[in-house]
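Student: My structure is below; once you've seen it, I'll send some questions.
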Amino acid sequence: MGLLHITFGQHRVTVQSESPEVLAGVERRFGQMLNSGSGREAGRLEVWPEGQLYALAGPRQPKTERGELPAILRSLEYQAVMLLVEARPDLLWLHAAAAANAGGGVLFLGPWGHGKSTLAACLYAQGWAFLADDIIPLEPRLDRLFPFPQTPGLRRGGPTISRQILRHLPKADAPLRPEGVCRQAAPVRALIFPRYQADAPARLEPCSPAKATLGLLQQCVNFAAHRGAAVRYLGRLAAQQPAFHLTFSDAQSAAALVIQAHF
Amino acid sequence: MKQNRANRAAGKPRQLAGVETMALPDEMVLYMPGPELVVSLNHSAAAVWELCDGQTNVAGISRELGQTLGRSGQELLAEVEAAVGQLVELGLVEMV
């Protein structure tokens, strides 16, 4: 029986499967978050083949889920992340990608399809340390971002592709080098709300603290665990850190703007 | 029509209890627990909100803002009415 341990801090999610395809899928998505299995178990996910399909069982699901491998792997990834989110309700979990330079972490916040992963991956390719691809925990008492380095999943497309078409392009994993991953908690240096728009030139425009507060709250995955405390903390964060809207079609140009901003 | 407007201008808007405010540079964020409503107000709307004390009617709020801005209260009345109307719709202010 194969076991993999997806780790965040003192917590881990154990994935148990006999299927090499499943274990390889977990390694692709969580390669930089696997360890030998120390720490507290936040939950155990089990996947097994059933004919042409796969079955997934875990503590967050009342029923066993069945489906084709890609769908089961996506669900497994979501379940694993949510088990870790639930294991640390004291943190504010934001739907964001992030990369860090010497000064701290730049957050790319927004819903699906706005280019978060692509921008963080571009900065990583330019030598920034990779912090997170899709979700990142923020420690409100320390004002620090904790690394949550899931492998970036990128859609390859040119700057003229509309978002409607982009959503149908398959995602390709962009593996991370261990030395390129940030392992230390990092302060927040800037908040960026990206928006991919076909044919748009890269443009970085200031976002007001109130709008940034709303943007942060909209992307707060576990708002229900914090409510008023989240509003107060994220409002303070938005007032203290520079915040921007970033419109772009070419991710390299957009990343160059972020680098030139010297956060 | 004129009578309706006069009635609206005579109403006294009051901030609902329990709404938390957070002042930010040139703006304000309001948070209402329960419905978990979070709203951002621009500078003008924040100024209206701060004057919703249940003692001052809409015309009075317009006059006070007008004095601050060097404009007549009458000139600002329509904007203040609209802002108060939105705050009432959002459930952040009640008319007393």
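Letters A, B, ... go to the chains of the structure tokens in the order shown; residues in each chain start at 1; ligands are counted from 1 in the same order.
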Give me the residues of chain A that have any atom at most 9 Å from an atom of chain B; for each, the nearest atom pair and the distance in Å, rounded to one decimal. Use only C-alpha atoms, sort by chain and number, and format it as a tab-separated table.

Tutor:
residue	atom	partner	partner_atom	distance
A:Ser208	CA	B:Glu27	CA	8.2
A:Pro209	CA	B:Leu24	CA	6.6
A:Ala210	CA	B:Ser40	CA	5.7
A:Lys211	CA	B:Ser40	CA	6.8
A:Thr213	CA	B:Val29	CA	8.0
A:Leu214	CA	B:Val38	CA	7.3
A:Leu217	CA	B:Val38	CA	8.6
A:Arg227	CA	B:Glu36	CA	7.3
A:Gly228	CA	B:Pro33	CA	6.9
A:Val231	CA	B:Tyr31	CA	7.3
A:Arg232	CA	B:Met22	CA	7.4
A:Gly235	CA	B:Met22	CA	7.4
A:Arg236	CA	B:Leu24	CA	8.4
A:Ala238	CA	B:Leu24	CA	8.9
A:Ala239	CA	B:Leu24	CA	6.5

Student: Need to verify the contact set: Cys182 of chain A, 10 Å, only C-alpha atoms, exclusion of same-chain residues closer than 3 positions in sequence. Can you return it as a PyMOL selection string?

Tutor: chain A and resi 99-101+105+128-132+146-149+178-179+185-186

Student: For those residues, write N, CA and C atoms to a file as a PDB file, in the first residue's frame.

Tutor:
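Listing of selection_15.pdb after writing:
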ATOM      1  N   ALA A  99       4.591  35.007  -4.647  1.00  0.00           N
ATOM      2  CA  ALA A  99       6.034  34.802  -4.794  1.00  0.00           C
ATOM      3  C   ALA A  99       6.715  35.869  -3.959  1.00  0.00           C
ATOM      4  N   ALA A 100       7.949  35.582  -3.546  1.00  0.00           N
ATOM      5  CA  ALA A 100       8.634  36.499  -2.624  1.00  0.00           C
ATOM      6  C   ALA A 100       9.992  36.904  -3.167  1.00  0.00           C
ATOM      7  N   ASN A 101      10.339  38.169  -2.900  1.00  0.00           N
ATOM      8  CA  ASN A 101      11.726  38.603  -3.096  1.00  0.00           C
ATOM      9  C   ASN A 101      12.294  38.849  -1.701  1.00  0.00           C
ATOM     10  N   GLY A 105       6.569  38.925   0.473  1.00  0.00           N
ATOM     11  CA  GLY A 105       5.720  38.260  -0.510  1.00  0.00           C
ATOM     12  C   GLY A 105       4.756  39.198  -1.207  1.00  0.00           C
ATOM     13  N   TRP A 128      12.436  34.837  -8.272  1.00  0.00           N
ATOM     14  CA  TRP A 128      11.748  35.032  -6.997  1.00  0.00           C
ATOM     15  C   TRP A 128      11.475  33.663  -6.356  1.00  0.00           C
ATOM     16  N   ALA A 129      11.345  33.648  -5.053  1.00  0.00           N
ATOM     17  CA  ALA A 129      11.030  32.389  -4.362  1.00  0.00           C
ATOM     18  C   ALA A 129       9.533  32.122  -4.469  1.00  0.00           C
ATOM     19  N   PHE A 130       9.193  30.871  -4.699  1.00  0.00           N
ATOM     20  CA  PHE A 130       7.788  30.515  -4.883  1.00  0.00           C
ATOM     21  C   PHE A 130       7.134  30.282  -3.518  1.00  0.00           C
ATOM     22  N   LEU A 131       5.993  30.915  -3.306  1.00  0.00           N
ATOM     23  CA  LEU A 131       5.279  30.771  -2.023  1.00  0.00           C
ATOM     24  C   LEU A 131       4.019  29.926  -2.154  1.00  0.00           C
ATOM     25  N   ALA A 132       3.212  30.214  -3.171  1.00  0.00           N
ATOM     26  CA  ALA A 132       1.922  29.514  -3.265  1.00  0.00           C
ATOM     27  C   ALA A 132       1.358  29.646  -4.669  1.00  0.00           C
ATOM     28  N   PHE A 146       2.622  32.075   5.205  1.00  0.00           N
ATOM     29  CA  PHE A 146       3.300  30.787   5.278  1.00  0.00           C
ATOM     30  C   PHE A 146       3.332  30.174   3.878  1.00  0.00           C
ATOM     31  N   PRO A 147       4.466  29.600   3.499  1.00  0.00           N
ATOM     32  CA  PRO A 147       4.522  28.940   2.182  1.00  0.00           C
ATOM     33  C   PRO A 147       3.538  27.778   2.090  1.00  0.00           C
ATOM     34  N   PHE A 148       2.910  27.662   0.942  1.00  0.00           N
ATOM     35  CA  PHE A 148       2.005  26.538   0.657  1.00  0.00           C
ATOM     36  C   PHE A 148       2.224  26.180  -0.811  1.00  0.00           C
ATOM     37  N   PRO A 149       3.425  25.590  -1.093  1.00  0.00           N
ATOM     38  CA  PRO A 149       3.885  25.515  -2.493  1.00  0.00           C
ATOM     39  C   PRO A 149       3.350  24.334  -3.292  1.00  0.00           C
ATOM     40  N   PRO A 178      13.376  22.491  -5.697  1.00  0.00           N
ATOM     41  CA  PRO A 178      13.342  22.652  -4.228  1.00  0.00           C
ATOM     42  C   PRO A 178      14.014  23.954  -3.784  1.00  0.00           C
ATOM     43  N   GLU A 179      15.112  24.316  -4.431  1.00  0.00           N
ATOM     44  CA  GLU A 179      15.851  25.518  -4.007  1.00  0.00           C
ATOM     45  C   GLU A 179      15.119  26.808  -4.394  1.00  0.00           C
ATOM     46  N   ALA A 185       8.413  31.774   6.640  1.00  0.00           N
ATOM     47  CA  ALA A 185       7.292  32.710   6.628  1.00  0.00           C
ATOM     48  C   ALA A 185       7.802  34.061   6.124  1.00  0.00           C
ATOM     49  N   ALA A 186       6.966  34.742   5.363  1.00  0.00           N
ATOM     50  CA  ALA A 186       7.393  36.008   4.746  1.00  0.00           C
ATOM     51  C   ALA A 186       6.373  37.108   5.042  1.00  0.00           C
TER      52      ALA A 186
END

Student: Please indicate the distance in Å from atom CA of Gly37 of chain A to atom CA of Gly67 of chain A, rounded to one decimal place.

Tutor: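 Calculated distance between atom CA of Gly37 of chain A and atom CA of Gly67 of chain A is 27.6 Å.
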
Student: According to DSSP computed on the backbone, where in chain B is there strand (DSSP E)? Give the residues as a list in words.

Tutor: Pro13, Arg14, Gln15, Glu20, Thr21, Met22, Ala23, Leu24, Glu27, Met28, Val29, Leu30, Tyr31, Met32, Leu37, Val38, Val39, Ser40, Leu41, Val93, Glu94 and Met95 of chain B

Student: Could you tell me how far atom CA of Gly153 of chain A lies from atom CA of Ala230 of chain A, in Å and to one decimal?

Tutor: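 That distance, rounded to one decimal, is 28.7 Å.
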
Student: What are the DSSP helix (DSSP H, G or I) residues of chain B, as an MDAnalysis selection string?

Tutor: chainID B and resid 2:10 43:50 58:69 73:89

Student: Would you write out those residues with N, CA and C atoms, as a compact mmCIF listing (two decimals), in the first residue's frame?

Tutor:
# COMPACT_ATOMS: atom_id res chain seq x y z
N LYS B 2 -43.02 67.03 -5.39
CA LYS B 2 -42.32 67.96 -4.51
C LYS B 2 -42.54 67.58 -3.05
N GLN B 3 -43.81 67.14 -2.78
CA GLN B 3 -44.17 66.76 -1.41
C GLN B 3 -43.36 65.53 -0.96
N ASN B 4 -43.24 64.53 -1.88
CA ASN B 4 -42.46 63.33 -1.57
C ASN B 4 -41.03 63.68 -1.23
N ARG B 5 -40.48 64.55 -2.03
CA ARG B 5 -39.08 64.92 -1.82
C ARG B 5 -38.93 65.65 -0.48
N ALA B 6 -39.91 66.47 -0.19
CA ALA B 6 -39.86 67.20 1.09
C ALA B 6 -39.94 66.21 2.24
N ASN B 7 -40.78 65.16 2.09
CA ASN B 7 -40.90 64.15 3.15
C ASN B 7 -39.58 63.41 3.35
N ARG B 8 -38.97 63.05 2.20
CA ARG B 8 -37.71 62.31 2.30
C ARG B 8 -36.66 63.18 2.98
N ALA B 9 -36.61 64.42 2.61
CA ALA B 9 -35.60 65.32 3.16
C ALA B 9 -35.82 65.56 4.65
N ALA B 10 -37.07 65.35 5.10
CA ALA B 10 -37.36 65.59 6.52
C ALA B 10 -37.01 64.37 7.38
N HIS B 43 -15.33 58.76 -0.05
CA HIS B 43 -15.21 59.87 0.89
C HIS B 43 -16.57 60.54 1.14
N SER B 44 -17.32 60.79 0.08
CA SER B 44 -18.61 61.49 0.21
C SER B 44 -19.62 60.65 0.98
N ALA B 45 -19.71 59.36 0.60
CA ALA B 45 -20.67 58.49 1.29
C ALA B 45 -20.30 58.33 2.76
N ALA B 46 -18.98 58.28 3.03
CA ALA B 46 -18.54 58.16 4.43
C ALA B 46 -18.94 59.39 5.22
N ALA B 47 -18.86 60.56 4.58
CA ALA B 47 -19.26 61.80 5.27
C ALA B 47 -20.75 61.77 5.58
N VAL B 48 -21.55 61.27 4.65
CA VAL B 48 -23.00 61.15 4.90
C VAL B 48 -23.24 60.17 6.05
N TRP B 49 -22.59 59.03 5.97
CA TRP B 49 -22.75 58.00 7.01
C TRP B 49 -22.48 58.59 8.40
N GLU B 50 -21.42 59.35 8.52
CA GLU B 50 -21.03 59.87 9.84
C GLU B 50 -22.08 60.84 10.40
N VAL B 58 -32.32 64.67 6.53
CA VAL B 58 -31.50 64.62 5.30
C VAL B 58 -31.15 66.03 4.83
N ALA B 59 -32.11 66.94 4.95
CA ALA B 59 -31.82 68.32 4.54
C ALA B 59 -30.72 68.91 5.42
N GLY B 60 -30.77 68.57 6.72
CA GLY B 60 -29.75 69.06 7.64
C GLY B 60 -28.37 68.49 7.31
N ILE B 61 -28.35 67.19 6.95
CA ILE B 61 -27.08 66.57 6.56
C ILE B 61 -26.52 67.29 5.33
N SER B 62 -27.41 67.59 4.38
CA SER B 62 -26.97 68.31 3.17
C SER B 62 -26.38 69.66 3.54
N ARG B 63 -27.06 70.36 4.45
CA ARG B 63 -26.56 71.68 4.86
C ARG B 63 -25.18 71.56 5.50
N GLU B 64 -25.04 70.58 6.41
CA GLU B 64 -23.75 70.42 7.11
C GLU B 64 -22.63 70.10 6.13
N LEU B 65 -22.92 69.19 5.21
CA LEU B 65 -21.90 68.84 4.21
C LEU B 65 -21.59 70.04 3.32
N GLY B 66 -22.64 70.77 2.97
CA GLY B 66 -22.46 71.95 2.13
C GLY B 66 -21.54 72.97 2.77
N GLN B 67 -21.69 73.15 4.09
CA GLN B 67 -20.80 74.10 4.79
C GLN B 67 -19.35 73.64 4.69
N THR B 68 -19.15 72.34 4.84
CA THR B 68 -17.78 71.80 4.76
C THR B 68 -17.20 71.99 3.36
N LEU B 69 -18.06 71.78 2.37
CA LEU B 69 -17.56 71.78 0.98
C LEU B 69 -17.68 73.14 0.29
N GLY B 73 -26.59 73.58 0.65
CA GLY B 73 -27.22 72.31 1.00
C GLY B 73 -28.18 71.84 -0.07
N GLN B 74 -28.88 72.80 -0.68
CA GLN B 74 -29.84 72.47 -1.73
C GLN B 74 -29.15 71.79 -2.91
N GLU B 75 -27.98 72.31 -3.20
CA GLU B 75 -27.20 71.76 -4.32
C GLU B 75 -26.85 70.28 -4.08
N LEU B 76 -26.61 69.92 -2.83
CA LEU B 76 -26.15 68.56 -2.50
C LEU B 76 -27.30 67.61 -2.16
N LEU B 77 -28.50 68.18 -2.03
CA LEU B 77 -29.61 67.39 -1.48
C LEU B 77 -29.86 66.08 -2.24
N ALA B 78 -29.89 66.17 -3.55
CA ALA B 78 -30.20 64.96 -4.35
C ALA B 78 -29.15 63.87 -4.10
N GLU B 79 -27.88 64.28 -4.05
CA GLU B 79 -26.81 63.30 -3.82
C GLU B 79 -26.90 62.69 -2.43
N VAL B 80 -27.20 63.53 -1.46
CA VAL B 80 -27.31 63.02 -0.08
C VAL B 80 -28.49 62.07 0.03
N GLU B 81 -29.61 62.45 -0.59
CA GLU B 81 -30.79 61.57 -0.58
C GLU B 81 -30.44 60.21 -1.18
N ALA B 82 -29.71 60.24 -2.29
CA ALA B 82 -29.34 58.98 -2.95
C ALA B 82 -28.44 58.15 -2.05
N ALA B 83 -27.48 58.79 -1.42
CA ALA B 83 -26.56 58.06 -0.54
C ALA B 83 -27.31 57.47 0.65
N VAL B 84 -28.18 58.26 1.25
CA VAL B 84 -28.96 57.75 2.39
C VAL B 84 -29.85 56.59 1.92
N GLY B 85 -30.45 56.76 0.76
CA GLY B 85 -31.31 55.70 0.21
C GLY B 85 -30.54 54.39 0.06
N GLN B 86 -29.32 54.48 -0.41
CA GLN B 86 -28.51 53.26 -0.59
C GLN B 86 -28.16 52.64 0.76
N LEU B 87 -27.83 53.50 1.72
CA LEU B 87 -27.48 52.98 3.05
C LEU B 87 -28.70 52.30 3.69
N VAL B 88 -29.88 52.86 3.45
CA VAL B 88 -31.12 52.25 3.97
C VAL B 88 -31.35 50.90 3.27
N GLU B 89 -31.19 50.89 1.94
CA GLU B 89 -31.38 49.65 1.19
C GLU B 89 -30.45 48.54 1.65

Student: Could you state the separation of atom CA of Leu216 of chain A and atom CA of Ala174 of chain A in Å, given to one decimal place?

Tutor: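 So the two atoms, atom CA of Leu216 of chain A and atom CA of Ala174 of chain A, lie 26.4 Å apart.
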
Student: Residues within 12 Å of Leu204 of chain A, please, as a PyMOL selection string. Count only C-alpha atoms; anything in the same chain fewer than 5 positions from it doesn't count.

Tutor: chain A and resi 191-195+242-248+253-261

Student: Glu46 of chain A: which residues within 10 Å, counting only C-alpha atoms, same-chain residues fewer than 2 positions away excluded, as a ChimeraX atom specification?

Tutor: /A:3,14-18,44,48,55-59,64,76

Student: With distances taken over only C-alpha atoms, which of A:Leu69, A:Arg144, A:Ala251, A:Gln219 is nearest to Trp112 of chain A?

Tutor: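 Closest residue, counting only C-alpha atoms: A:Gln219.
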
Student: Need the shell around Leu154 of chain A: protein/DNA/RNA residues with any atom at most 7 Å away, counting only C-alpha atoms. Skip same-chain ones fewer than 3 positions apart. Format as a list in words?

Tutor: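 Everything that qualifies: Ser117, Thr118, Lys171, Ala172, Asp173 and Ala174 of chain A.
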
Student: With all heavy atoms retained, export the selected residues as an mmCIF file, in the first residue's frame.

Tutor:
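Okay, out_10.cif is ready:
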data_model
loop_
_atom_site.group_PDB
_atom_site.id
_atom_site.type_symbol
_atom_site.label_atom_id
_atom_site.label_comp_id
_atom_site.auth_asym_id
_atom_site.auth_seq_id
_atom_site.Cartn_x
_atom_site.Cartn_y
_atom_site.Cartn_z
ATOM 1 N N SER A 117 -1.818 32.229 -10.929
ATOM 2 C CA SER A 117 -0.756 31.220 -11.006
ATOM 3 C C SER A 117 0.301 31.612 -12.022
ATOM 4 O O SER A 117 1.508 31.484 -11.781
ATOM 5 C CB SER A 117 -1.332 29.874 -11.434
ATOM 6 O OG SER A 117 -2.233 29.416 -10.482
ATOM 7 N N THR A 118 -0.161 32.104 -13.157
ATOM 8 C CA THR A 118 0.762 32.461 -14.235
ATOM 9 C C THR A 118 1.731 33.541 -13.766
ATOM 10 O O THR A 118 2.931 33.469 -14.033
ATOM 11 C CB THR A 118 -0.052 32.972 -15.440
ATOM 12 O OG1 THR A 118 -0.985 31.965 -15.784
ATOM 13 C CG2 THR A 118 0.835 33.272 -16.625
ATOM 14 N N LYS A 171 -4.554 22.405 -18.179
ATOM 15 C CA LYS A 171 -3.476 22.940 -17.348
ATOM 16 C C LYS A 171 -2.296 21.981 -17.385
ATOM 17 O O LYS A 171 -2.482 20.766 -17.334
ATOM 18 C CB LYS A 171 -3.941 23.083 -15.903
ATOM 19 C CG LYS A 171 -4.677 24.377 -15.618
ATOM 20 C CD LYS A 171 -4.895 24.533 -14.125
ATOM 21 C CE LYS A 171 -5.360 25.930 -13.792
ATOM 22 N NZ LYS A 171 -5.493 26.147 -12.344
ATOM 23 N N ALA A 172 -1.099 22.555 -17.470
ATOM 24 C CA ALA A 172 0.099 21.722 -17.410
ATOM 25 C C ALA A 172 0.853 22.065 -16.138
ATOM 26 O O ALA A 172 1.027 23.247 -15.816
ATOM 27 C CB ALA A 172 0.975 21.991 -18.632
ATOM 28 N N ASP A 173 1.278 21.043 -15.409
ATOM 29 C CA ASP A 173 2.032 21.290 -14.182
ATOM 30 C C ASP A 173 3.410 21.844 -14.528
ATOM 31 O O ASP A 173 4.061 21.378 -15.459
ATOM 32 C CB ASP A 173 2.194 19.989 -13.392
ATOM 33 C CG ASP A 173 0.852 19.500 -12.861
ATOM 34 O OD1 ASP A 173 0.048 20.354 -12.446
ATOM 35 O OD2 ASP A 173 0.620 18.283 -12.882
ATOM 36 N N ALA A 174 3.829 22.849 -13.783
ATOM 37 C CA ALA A 174 5.165 23.431 -13.970
ATOM 38 C C ALA A 174 5.971 23.110 -12.714
ATOM 39 O O ALA A 174 5.889 23.848 -11.724
ATOM 40 C CB ALA A 174 5.050 24.930 -14.181
#
